[in-house]
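**Student:** My file is query.cif. It has mmCIF, C-alpha atoms:
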data_coords
#
loop_
_atom_site.label_atom_id
_atom_site.label_comp_id
_atom_site.auth_asym_id
_atom_site.auth_seq_id
_atom_site.Cartn_x
_atom_site.Cartn_y
_atom_site.Cartn_z
CA MET A 2 5.79 -40.02 -29.83
CA PRO A 3 1.98 -40.47 -29.54
CA LEU A 4 0.85 -43.14 -27.12
CA SER A 5 -1.11 -46.13 -28.43
CA THR A 6 -4.79 -46.51 -27.49
CA GLU A 7 -3.92 -49.51 -25.33
CA THR A 8 -1.35 -47.50 -23.40
CA THR A 9 -3.77 -44.60 -23.00
CA ASP A 10 -6.46 -46.93 -21.65
CA ARG A 11 -3.98 -48.42 -19.21
CA LEU A 12 -2.99 -44.94 -18.03
CA ARG A 13 -6.66 -44.06 -17.53
CA ARG A 14 -7.21 -47.12 -15.39
CA THR A 15 -4.13 -46.40 -13.29
CA PRO A 16 -5.64 -43.58 -11.17
CA LEU A 17 -8.48 -45.84 -10.08
CA GLY A 18 -6.01 -48.57 -9.14
CA LEU A 19 -3.93 -46.07 -7.18
CA LEU A 20 -7.01 -44.66 -5.47
CA ILE A 21 -8.03 -48.15 -4.37
CA VAL A 22 -4.53 -48.93 -3.05
CA PHE A 23 -4.24 -45.71 -1.06
CA LEU A 24 -7.84 -45.84 0.13
CA THR A 25 -7.06 -49.30 1.49
CA LEU A 26 -3.98 -47.95 3.27
CA PHE A 27 -6.01 -45.05 4.64
CA LEU A 28 -8.74 -47.37 5.97
CA LEU A 29 -6.15 -49.75 7.38
CA GLY A 30 -4.59 -46.82 9.24
CA VAL A 31 -8.01 -45.80 10.59
CA ALA A 32 -8.65 -49.39 11.71
CA LEU A 33 -5.32 -49.40 13.53
CA ASP A 34 -6.18 -46.14 15.37
CA GLU A 35 -3.35 -44.30 13.70
CA PRO A 36 -5.35 -41.04 13.41
CA LEU A 37 -5.37 -40.81 17.21
CA ARG A 38 -1.58 -41.10 17.27
CA VAL A 39 -1.31 -38.45 14.53
CA LEU A 40 -3.65 -36.16 16.46
CA GLU A 41 -1.62 -36.65 19.61
CA GLN A 42 1.56 -35.68 17.75
CA ALA A 43 -0.04 -32.73 15.99
CA ARG A 44 -1.39 -31.29 19.23
CA SER A 45 2.06 -30.94 20.76
CA ILE A 46 4.94 -28.77 19.65
CA CYS A 47 7.91 -30.73 18.38
CA LEU A 48 10.70 -28.39 19.50
CA GLU A 49 13.36 -30.55 17.88
CA CYS A 50 11.49 -30.26 14.57
CA ILE A 51 11.56 -26.48 14.58
CA GLY A 52 15.22 -26.15 15.50
CA ILE A 53 14.82 -25.50 19.23
CA GLY A 54 16.41 -27.82 21.73
CA MET B 22 -7.47 -17.73 -14.12
CA GLU B 23 -4.20 -16.63 -12.55
CA THR B 24 -6.09 -14.27 -10.24
CA LEU B 25 -8.44 -17.11 -9.27
CA ARG B 26 -5.44 -19.34 -8.55
CA LYS B 27 -3.92 -16.68 -6.28
CA TRP B 28 -7.17 -16.34 -4.34
CA ILE B 29 -7.45 -20.11 -3.96
CA GLN B 30 -3.86 -20.24 -2.71
CA VAL B 31 -4.67 -17.56 -0.14
CA LEU B 32 -7.85 -19.42 0.83
CA TRP B 33 -5.86 -22.62 1.41
CA PHE B 34 -3.33 -20.70 3.47
CA PHE B 35 -6.11 -19.58 5.80
CA LEU B 36 -7.84 -22.98 5.82
CA THR B 37 -4.67 -24.74 6.93
CA ASN B 38 -3.64 -21.87 9.23
CA GLY B 39 -7.00 -20.83 10.62
CA PHE B 40 -6.32 -20.55 14.36
CA TRP B 41 -5.64 -16.88 14.94
CA GLY B 42 -6.34 -17.02 18.65
CA PHE B 43 -2.78 -18.12 19.37
CA PRO B 44 -1.47 -14.70 20.48
CA VAL B 45 -4.10 -14.83 23.27
CA SER B 46 -3.91 -18.55 24.07
CA GLY B 47 -0.10 -18.56 23.84
CA THR B 48 -0.14 -22.02 22.34
CA LEU B 49 -0.94 -23.84 19.13
CA TYR B 50 -4.33 -25.12 17.96
CA GLN B 51 -5.15 -28.43 19.61
CA GLY B 52 -8.61 -29.17 18.23
CA PRO B 53 -9.93 -32.20 16.36
CA LEU B 54 -9.28 -30.75 12.88
CA LYS B 55 -5.64 -31.68 13.35
CA VAL B 56 -6.52 -35.21 12.38
CA LEU B 57 -6.95 -33.89 8.82
CA CYS B 58 -4.06 -33.90 6.37
CA SER B 59 -2.74 -30.60 5.05
CA PRO B 60 -2.40 -31.00 1.28
CA GLY B 61 0.59 -28.65 1.04
CA LEU B 62 3.78 -28.24 3.06
CA ASN B 63 2.53 -26.55 6.24
CA CYS B 64 4.22 -27.08 9.61
CA TYR B 65 1.83 -28.42 12.24
CA SER B 66 3.89 -26.90 15.01
CA CYS B 67 2.83 -23.52 13.59
CA PRO B 68 0.60 -21.93 16.27
CA ALA B 69 -2.09 -21.19 13.67
CA ALA B 70 -2.00 -24.60 11.92
CA THR B 71 -5.33 -26.44 11.88
CA THR B 72 -4.20 -29.60 10.08
CA PHE B 73 -1.26 -32.01 10.27
CA CYS B 74 1.73 -31.88 7.95
CA PRO B 75 2.00 -35.21 6.09
CA ILE B 76 5.79 -35.05 5.88
CA GLY B 77 6.17 -34.20 9.57
CA SER B 78 3.71 -36.90 10.63
CA LEU B 79 5.24 -39.57 8.44
CA GLN B 80 8.68 -38.92 9.92
CA GLN B 81 7.31 -38.95 13.47
CA LEU B 82 5.65 -42.33 12.87
CA LEU B 83 8.70 -43.83 11.15
CA MET B 84 11.19 -42.62 13.75
CA GLY B 85 9.13 -44.17 16.55
CA VAL B 86 8.10 -47.31 14.72
CA ARG B 87 10.28 -49.63 16.87
CA LEU B 88 8.84 -48.31 20.11
CA SER B 89 5.29 -48.51 18.75
CA LEU B 90 5.73 -52.11 17.66
CA GLN B 91 7.28 -53.02 21.00
CA ALA B 92 4.22 -51.53 22.68
CA GLY B 93 1.97 -53.64 20.44
CA GLN B 94 0.75 -50.65 18.40
CA ILE B 95 1.04 -50.91 14.63
CA TYR B 96 1.67 -47.25 13.84
CA VAL B 97 3.68 -47.59 10.63
CA GLY B 98 2.32 -44.61 8.72
CA THR B 99 -0.48 -46.26 6.73
CA TYR B 100 -3.02 -43.52 7.56
CA VAL B 101 -0.61 -40.71 6.62
CA LEU B 102 0.62 -42.51 3.50
CA GLY B 103 -3.00 -43.23 2.58
CA CYS B 104 -3.89 -39.53 2.89
CA MET B 105 -0.86 -38.49 0.82
CA GLY B 106 -1.50 -41.15 -1.82
CA LEU B 107 -5.19 -40.27 -2.17
CA LEU B 108 -4.31 -36.60 -2.64
CA GLY B 109 -1.56 -37.56 -5.10
CA ALA B 110 -3.73 -39.94 -7.12
CA LEU B 111 -6.52 -37.37 -7.36
CA PHE B 112 -4.57 -34.17 -7.91
CA GLY B 113 -0.85 -34.89 -8.45
CA ARG B 114 1.15 -31.65 -8.20
CA PHE B 115 -1.99 -29.57 -8.79
CA ILE B 116 -1.76 -29.17 -5.01
CA CYS B 117 1.68 -27.51 -5.32
CA GLY B 118 0.29 -24.90 -7.68
CA TRP B 119 -3.01 -24.22 -5.94
CA ALA B 120 -2.89 -25.19 -2.25
CA CYS B 121 0.65 -24.95 -0.86
CA PRO B 122 1.32 -21.97 1.45
CA PHE B 123 5.09 -22.22 1.02
CA GLY B 124 4.68 -22.29 -2.77
CA LEU B 125 2.58 -19.14 -2.55
CA LEU B 126 5.27 -17.40 -0.52
CA GLN B 127 7.92 -18.31 -3.09
CA GLU B 128 5.72 -16.94 -5.89
CA TRP B 129 5.25 -13.65 -4.04
CA LEU B 130 8.98 -13.33 -3.42
CA HIS B 131 9.71 -13.99 -7.09
CA ARG B 132 7.69 -10.90 -8.00
CA ILE B 133 10.33 -8.69 -6.36
CA PRO B 134 12.18 -6.97 -9.21
CA SER B 135 15.66 -8.48 -9.56
CA PRO B 136 17.79 -10.37 -12.10
CA LYS B 137 16.18 -13.79 -12.69
CA TYR B 138 18.06 -17.07 -13.00
CA GLY B 139 17.12 -20.63 -13.88
CA VAL B 140 17.53 -23.69 -11.69
CA PRO B 141 20.05 -26.26 -13.01
CA ARG B 142 18.15 -29.35 -14.11
CA VAL B 143 20.38 -31.72 -12.16
CA LEU B 144 19.23 -30.14 -8.88
CA ARG B 145 15.71 -31.44 -9.53
CA TRP B 146 16.86 -34.87 -8.35
CA GLY B 147 17.59 -33.36 -4.93
CA LYS B 148 13.95 -33.52 -3.82
CA TYR B 149 13.80 -37.28 -4.44
CA LEU B 150 16.95 -37.75 -2.36
CA VAL B 151 15.42 -35.63 0.41
CA LEU B 152 12.22 -37.72 0.30
CA LEU B 153 14.05 -41.02 0.33
CA LEU B 154 16.83 -40.23 2.78
CA MET B 155 15.66 -37.47 5.13
CA VAL B 156 11.97 -38.44 5.34
CA VAL B 157 12.09 -42.25 5.16
CA VAL B 158 15.49 -43.94 5.49
CA LEU B 159 17.33 -41.85 8.09
CA PRO B 160 14.40 -41.48 10.56
CA LEU B 161 13.84 -45.22 10.27
CA VAL B 162 17.44 -46.43 10.44
CA VAL B 163 19.49 -43.99 12.54
CA VAL B 164 18.22 -44.48 16.07
CA ASP B 165 19.47 -43.68 19.56
CA SER B 166 19.98 -46.17 22.38
CA PHE B 167 16.23 -46.11 23.10
CA GLY B 168 15.40 -47.07 19.51
CA MET B 169 14.12 -43.59 18.65
CA GLY B 170 15.06 -41.86 15.38
CA LYS B 171 15.17 -38.18 14.45
CA PRO B 172 12.92 -36.11 12.17
CA TRP B 173 15.79 -35.35 9.78
CA PHE B 174 13.91 -33.25 7.25
CA CYS B 175 12.06 -31.15 9.83
CA LYS B 176 15.06 -30.80 12.08
CA PHE B 177 17.75 -29.95 9.57
CA LEU B 178 16.10 -28.67 6.41
CA CYS B 179 12.44 -27.64 6.41
CA PRO B 180 12.30 -23.85 5.93
CA ALA B 181 8.51 -23.83 6.26
CA GLY B 182 8.85 -25.14 9.83
CA THR B 183 11.34 -22.42 10.75
CA LEU B 184 9.18 -19.69 9.25
CA GLU B 185 5.80 -20.89 10.49
CA ALA B 186 6.77 -22.41 13.82
CA GLY B 187 10.39 -21.77 14.85
CA VAL B 188 10.25 -17.98 14.62
CA PRO B 189 6.69 -17.51 15.97
CA MET B 190 7.24 -19.87 18.91
CA LEU B 191 10.34 -17.96 20.02
CA LEU B 192 8.39 -14.71 19.78
CA LEU B 193 5.44 -16.17 21.71
CA SER B 194 7.43 -18.00 24.39
CA PRO B 195 10.37 -16.12 25.91
CA ASP B 196 11.13 -19.25 27.99
CA LEU B 197 12.17 -21.08 24.82
CA ARG B 198 14.74 -18.49 23.74
CA PRO B 199 17.68 -19.89 25.78
CA ALA B 200 17.16 -23.26 24.03
CA ALA B 201 17.71 -21.77 20.57
CA GLY B 202 21.31 -22.53 19.69
CA LEU B 203 23.40 -23.58 16.71
CA LEU B 204 20.65 -25.76 15.27
CA TYR B 205 18.27 -22.81 15.26
CA LEU B 206 20.93 -20.65 13.60
CA HIS B 207 21.45 -23.35 10.95
CA LYS B 208 17.73 -23.46 10.26
CA LEU B 209 17.53 -19.68 10.03
CA ILE B 210 20.38 -19.71 7.49
CA VAL B 211 18.54 -22.36 5.41
CA LEU B 212 15.34 -20.31 5.56
CA VAL B 213 17.05 -17.06 4.52
CA ALA B 214 18.91 -18.85 1.71
CA VAL B 215 15.66 -20.34 0.35
CA LEU B 216 13.83 -17.01 0.59
CA LEU B 217 16.63 -15.14 -1.18
CA TRP B 218 16.85 -17.87 -3.84
CA SER B 219 13.10 -17.50 -4.38
CA VAL B 220 13.57 -13.85 -5.30
CA VAL B 221 15.94 -14.68 -8.16
CA SER B 222 14.59 -18.11 -9.20
CA SER B 223 11.05 -19.36 -9.60
CA ARG B 224 9.94 -21.79 -6.85
CA PRO B 225 13.44 -23.13 -6.14
CA PHE B 226 12.46 -25.07 -3.02
CA CYS B 227 9.58 -26.83 -4.81
CA ARG B 228 11.87 -27.77 -7.69
CA THR B 229 14.92 -28.95 -5.79
CA LEU B 230 14.22 -29.84 -2.16
CA CYS B 231 10.53 -30.35 -1.37
CA PRO B 232 9.84 -34.02 -0.48
CA LEU B 233 6.07 -33.50 -0.71
CA GLY B 234 6.43 -32.10 -4.22
CA ALA B 235 8.62 -35.09 -5.09
CA PHE B 236 5.93 -37.47 -3.80
CA TYR B 237 3.06 -35.77 -5.64
CA GLY B 238 5.23 -35.51 -8.76
CA LEU B 239 5.35 -39.30 -8.96
CA PHE B 240 1.58 -39.21 -9.60
CA ASN B 241 1.50 -36.51 -12.30
CA ARG B 242 1.36 -39.04 -15.14
CA PHE B 243 -1.42 -41.01 -13.50
CA SER B 244 -3.53 -38.56 -11.50
CA LEU B 245 -7.13 -37.75 -12.40
CA ILE B 246 -6.07 -34.20 -13.35
CA GLN B 247 -3.77 -34.13 -16.38
CA LEU B 248 -2.69 -31.88 -19.22
CA LYS B 249 -3.36 -33.03 -22.77
CA PHE B 250 -1.25 -31.87 -25.67
CA ASN B 251 -2.51 -31.87 -29.25
CA ALA B 252 0.47 -31.88 -31.61
CA ASP B 253 -1.76 -31.21 -34.64
CA THR B 254 -2.78 -27.76 -33.44
CA CYS B 255 0.58 -26.79 -31.92
CA THR B 256 2.46 -24.14 -33.90
CA LYS B 257 5.65 -24.58 -31.85
CA CYS B 258 5.63 -20.88 -30.95
CA GLY B 259 7.16 -21.64 -27.54
CA ALA B 260 4.69 -19.44 -25.63
CA CYS B 261 3.90 -22.25 -23.18
CA ARG B 262 7.51 -22.64 -22.14
CA ARG B 263 8.00 -18.90 -21.73
CA VAL B 264 5.25 -18.63 -19.09
CA CYS B 265 6.05 -21.90 -17.32
CA PRO B 266 7.23 -21.18 -13.75
CA VAL B 267 9.12 -24.47 -13.55
CA ASP B 268 10.68 -24.45 -17.03
CA ILE B 269 9.02 -27.53 -18.53
CA ARG B 270 9.08 -28.37 -22.22
CA VAL B 271 5.31 -28.64 -22.17
CA GLU B 272 5.01 -29.90 -25.73
CA GLN B 273 7.29 -32.85 -24.91
CA THR B 274 6.21 -33.73 -21.38
CA PRO B 275 2.87 -32.12 -20.47
CA ASN B 276 2.61 -34.43 -17.46
CA SER B 277 6.17 -33.99 -16.25
CA ALA B 278 6.76 -34.66 -12.55
CA GLU B 279 7.91 -31.03 -12.33
CA CYS B 280 4.59 -29.54 -13.52
CA ILE B 281 2.76 -27.78 -10.68
CA ARG B 282 -0.44 -27.44 -12.78
CA CYS B 283 -0.64 -23.66 -12.51
CA LEU B 284 -2.30 -23.88 -15.96
CA ARG B 285 -0.70 -20.66 -17.18
CA CYS B 286 0.34 -22.46 -20.37
CA CYS B 287 -3.33 -23.21 -21.09
CA THR B 288 -4.92 -19.99 -19.92
CA GLU B 289 -2.31 -17.36 -20.74
CA ALA B 290 -0.03 -18.73 -23.40
CA CYS B 291 -1.24 -21.24 -25.99
CA PRO B 292 -2.97 -19.27 -28.77
CA THR B 293 -4.24 -22.38 -30.59
CA GLY B 294 -5.73 -24.42 -27.75
CA ALA B 295 -3.19 -27.21 -28.18
CA LEU B 296 -3.12 -27.66 -24.42
CA THR B 297 -6.23 -28.74 -22.55
CA LEU B 298 -6.96 -29.78 -19.02
CA ASP B 299 -8.24 -33.32 -18.61
CA ILE B 300 -10.21 -34.14 -15.48
CA ALA B 301 -10.97 -37.86 -15.15
CA GLY B 302 -11.15 -38.22 -18.92
CA PHE B 303 -13.22 -35.08 -19.55
CA GLY B 304 -11.39 -32.43 -21.54
CA VAL B 305 -11.64 -28.81 -20.42
CA ARG B 306 -10.41 -26.35 -23.01
CA MET B 307 -9.36 -22.98 -21.66
CA THR B 308 -8.99 -20.12 -24.09
CA PRO B 309 -6.13 -17.75 -23.27
CA SER B 310 -7.35 -14.33 -22.27
CA ALA B 311 -4.15 -12.59 -23.30
CA PRO B 312 -1.64 -14.73 -25.21
CA ALA B 313 1.96 -14.11 -24.18
CA SER B 314 3.89 -12.20 -26.81
CA SER B 315 6.97 -13.80 -28.27
CA ASP B 316 9.28 -11.05 -27.02
CA GLU B 317 8.07 -11.21 -23.41
CA PRO B 318 11.05 -11.42 -21.02
CA MET B 319 11.58 -14.87 -19.50
CA GLN B 320 11.06 -13.88 -15.89
CA GLN B 321 9.20 -16.95 -14.66
CA GLY B 322 10.99 -20.15 -15.54
CA ALA B 323 14.23 -18.53 -16.64
CA ARG B 324 16.18 -21.11 -18.62
CA SER B 325 18.72 -23.17 -16.79
#
Rewrite the coordinates I just gave you, this time as structure tokens.

**Tutor:**
Amino acid sequence: MPLSTETTDRLRRTPLGLLIVFLTLFLLGVALDEPLRVLEQARSICLECIGIG
Amino acid sequence: METLRKWIQVLWFFLTNGFWGFPVSGTLYQGPLKVLCSPGLNCYSCPAATTFCPIGSLQQLLMGVRLSLQAGQIYVGTYVLGCMGLLGALFGRFICGWACPFGLLQEWLHRIPSPKYGVPRVLRWGKYLVLLLMVVVLPLVVVDSFGMGKPWFCKFLCPAGTLEAGVPMLLLSPDLRPAAGLLYLHKLIVLVAVLLWSVVSSRPFCRTLCPLGAFYGLFNRFSLIQLKFNADTCTKCGACRRVCPVDIRVEQTPNSAECIRCLRCCTEACPTGALTLDIAGFGVRMTPSAPASSDEPMQQGARS
């Protein structure tokens, strides 16, 4: 069934809304220094994660 | 276009696994690039990995969330979720088709001549269960006496981790070999099963178990990159479905959560241009170079 123009417009606006939401989360994470924690984790080998130990 | 896609997949493999000094250094890459998010499923314990795996990182943050909060640090996964969501909102599962190393491996394996089988549709729900339970709920809820959870997906399921990190690390570090026990055997069995399944079915892991694919799939209807279907020019020849590696009824659901945006339906199949790529509202029509014939064997997305 073809979508109405109103629905199509709403769908087109959705990506921008989602981008804003996730950009906010991303910036919040940066403000909370989460990238440093991620970097710390990524620099070490998680033996449990790869089935060893 | 298919050749270009293969080259871009290879390029992404090397971008996310660009540290080839590990046989000399004996350890994994530890530089600053690891603060960047890998778009596809790519284990960051792989010695060559240059970026972090979003699924691995999210689990690590969730399983340690109690300890972080107790220490006054609010590490609840907002940065990782933000990275994943931005990628999803921009590209959807385009990433699966163009930038995932484990997807590329499955595609290569599927080229091995063998009988081809479909994937039962009901199994497609498995990846959402894996995302919800093994990546979010279990690491968050099942904790030890110290309040620490486990990385359930990485530990018990992820075949990419076994292939890219488990096997190479045992080869690189003989000291680790005594620690490889039943869990390692279990992970090897999962890996071999997925690899063998990939020979006979098209991208089975992506379609049934991948939590990252499940996450990006949620965005396929809303992402900036979409497929547009024009019913007026469609002749219902079925060529699009015959080339589809994930067995989608393209004419019914061009933006299905299963679609990995390989674009073969646009560039190889549709003889009338009924399918177009839409990037942020701008239509991109791609003329098929060699339309698939109607009697071509269904080797890609063999019907389930």

**Student:** Between B:Thr71, B:Ala110, B:Arg142, B:Leu57, which one has atoms that come closest to Val22 of chain A, using all atoms listed in the file?

**Tutor:**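 Counting all atoms listed in the file, the residue closest to Val22 of chain A is B:Ala110.
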
**Student:** What would the selection look like, as a PyMOL selection string, if the PyMOL selection byres ((chain A and resi 16) around 8) were run on the coordinates I just shared?

**Tutor:** (chain A and resi 12-15+17-20) or (chain B and resi 110-111+243-245)

**Student:** Residues picked by the PyMOL selection byres ((chain B) within 8 of (chain A)) here, as a PDB file with C-alpha atoms, in the frame of the given file?

**Tutor:**
ATOM      1  CA  LEU B  49      -0.940 -23.840  19.130  1.00  0.00           C
ATOM      2  CA  TYR B  50      -4.330 -25.120  17.960  1.00  0.00           C
ATOM      3  CA  GLN B  51      -5.150 -28.430  19.610  1.00  0.00           C
ATOM      4  CA  GLY B  52      -8.610 -29.170  18.230  1.00  0.00           C
ATOM      5  CA  PRO B  53      -9.930 -32.200  16.360  1.00  0.00           C
ATOM      6  CA  LYS B  55      -5.640 -31.680  13.350  1.00  0.00           C
ATOM      7  CA  VAL B  56      -6.520 -35.210  12.380  1.00  0.00           C
ATOM      8  CA  TYR B  65       1.830 -28.420  12.240  1.00  0.00           C
ATOM      9  CA  SER B  66       3.890 -26.900  15.010  1.00  0.00           C
ATOM     10  CA  THR B  72      -4.200 -29.600  10.080  1.00  0.00           C
ATOM     11  CA  PHE B  73      -1.260 -32.010  10.270  1.00  0.00           C
ATOM     12  CA  SER B  78       3.710 -36.900  10.630  1.00  0.00           C
ATOM     13  CA  GLN B  81       7.310 -38.950  13.470  1.00  0.00           C
ATOM     14  CA  GLN B  94       0.750 -50.650  18.400  1.00  0.00           C
ATOM     15  CA  ILE B  95       1.040 -50.910  14.630  1.00  0.00           C
ATOM     16  CA  TYR B  96       1.670 -47.250  13.840  1.00  0.00           C
ATOM     17  CA  GLY B  98       2.320 -44.610   8.720  1.00  0.00           C
ATOM     18  CA  THR B  99      -0.480 -46.260   6.730  1.00  0.00           C
ATOM     19  CA  TYR B 100      -3.020 -43.520   7.560  1.00  0.00           C
ATOM     20  CA  VAL B 101      -0.610 -40.710   6.620  1.00  0.00           C
ATOM     21  CA  LEU B 102       0.620 -42.510   3.500  1.00  0.00           C
ATOM     22  CA  GLY B 103      -3.000 -43.230   2.580  1.00  0.00           C
ATOM     23  CA  CYS B 104      -3.890 -39.530   2.890  1.00  0.00           C
ATOM     24  CA  GLY B 106      -1.500 -41.150  -1.820  1.00  0.00           C
ATOM     25  CA  LEU B 107      -5.190 -40.270  -2.170  1.00  0.00           C
ATOM     26  CA  ALA B 110      -3.730 -39.940  -7.120  1.00  0.00           C
ATOM     27  CA  LEU B 111      -6.520 -37.370  -7.360  1.00  0.00           C
ATOM     28  CA  PRO B 172      12.920 -36.110  12.170  1.00  0.00           C
ATOM     29  CA  CYS B 175      12.060 -31.150   9.830  1.00  0.00           C
ATOM     30  CA  LYS B 176      15.060 -30.800  12.080  1.00  0.00           C
ATOM     31  CA  PHE B 177      17.750 -29.950   9.570  1.00  0.00           C
ATOM     32  CA  GLY B 182       8.850 -25.140   9.830  1.00  0.00           C
ATOM     33  CA  THR B 183      11.340 -22.420  10.750  1.00  0.00           C
ATOM     34  CA  ALA B 186       6.770 -22.410  13.820  1.00  0.00           C
ATOM     35  CA  GLY B 187      10.390 -21.770  14.850  1.00  0.00           C
ATOM     36  CA  LEU B 197      12.170 -21.080  24.820  1.00  0.00           C
ATOM     37  CA  ALA B 200      17.160 -23.260  24.030  1.00  0.00           C
ATOM     38  CA  ALA B 201      17.710 -21.770  20.570  1.00  0.00           C
ATOM     39  CA  GLY B 202      21.310 -22.530  19.690  1.00  0.00           C
ATOM     40  CA  LEU B 204      20.650 -25.760  15.270  1.00  0.00           C
ATOM     41  CA  TYR B 205      18.270 -22.810  15.260  1.00  0.00           C
ATOM     42  CA  LYS B 208      17.730 -23.460  10.260  1.00  0.00           C
ATOM     43  CA  ARG B 242       1.360 -39.040 -15.140  1.00  0.00           C
ATOM     44  CA  PHE B 243      -1.420 -41.010 -13.500  1.00  0.00           C
ATOM     45  CA  SER B 244      -3.530 -38.560 -11.500  1.00  0.00           C
ATOM     46  CA  LEU B 245      -7.130 -37.750 -12.400  1.00  0.00           C
ATOM     47  CA  ALA B 301     -10.970 -37.860 -15.150  1.00  0.00           C
ATOM     48  CA  GLY B 302     -11.150 -38.220 -18.920  1.00  0.00           C
TER      49      GLY B 302
END

**Student:** So the first atom is atom CA of Gly124 of chain B and the second is atom CA of Cys227 of chain B; what is the distance between them in Å, to one decimal place?

**Tutor:**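 Here the two named atoms are 7.0 Å from each other.
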
**Student:** Grab the atom CA of Lys137 of chain B to atom CA of Leu217 of chain B distance for me, in Å with one decimal place.

**Tutor:** 11.6 Å

**Student:** Please, what distance in Å, to one decimal, runs between atom CA of Thr229 of chain B and atom CA of Leu82 of chain B?

**Tutor:** 24.8 Å

**Student:** On this structure, the PyMOL selection byres ((chain B and resi 285-299) around 8) would catch which residues? List them as a PyMOL selection string, sorted by chain and number.

**Tutor:** chain B and resi 22-23+245-256+260-262+264-265+283-284+300-313

**Student:** Set the distance at 10 Å and use all atoms listed in the file: which residues neighbour Pro44 of chain B once local chain neighbours fewer than 2 positions away are removed? I'd like the list as a compact mmCIF listing (two decimals) with C-alpha atoms, keeping the file's coordinate frame.

**Tutor:**
# COMPACT_ATOMS: atom_id res chain seq x y z
CA PHE B 40 -6.32 -20.55 14.36
CA TRP B 41 -5.64 -16.88 14.94
CA GLY B 42 -6.34 -17.02 18.65
CA SER B 46 -3.91 -18.55 24.07
CA GLY B 47 -0.10 -18.56 23.84
CA THR B 48 -0.14 -22.02 22.34
CA LEU B 49 -0.94 -23.84 19.13
CA PRO B 68 0.60 -21.93 16.27
CA ALA B 69 -2.09 -21.19 13.67
CA PRO B 189 6.69 -17.51 15.97
CA LEU B 192 8.39 -14.71 19.78
CA LEU B 193 5.44 -16.17 21.71

**Student:** Between B:Val188, B:Ile133, B:Leu126, B:Ala278, which is the closest to Val215 of chain B once you count only C-alpha atoms?

**Tutor:**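 Among the listed residues, the smallest separation from Val215 of chain B belongs to B:Leu126.
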
**Student:** Using all atoms listed in the file, determine which residues lie at most 8 Å from Met169 of chain B, disregarding the query and same-chain residues fewer than 2 positions distant; provide the list as a list in words.

**Tutor:**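 Listing them by chain and then by number gives Met84, Gly85, Arg87, Leu88, Val164, Asp165, Ser166, Phe167 and Lys171 of chain B.
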
**Student:** Pick from B:Ser89, B:Asn38, B:Gln30, B:Ser222: nearest to Cys117 of chain B, with only C-alpha atoms counted?

**Tutor:** B:Gln30
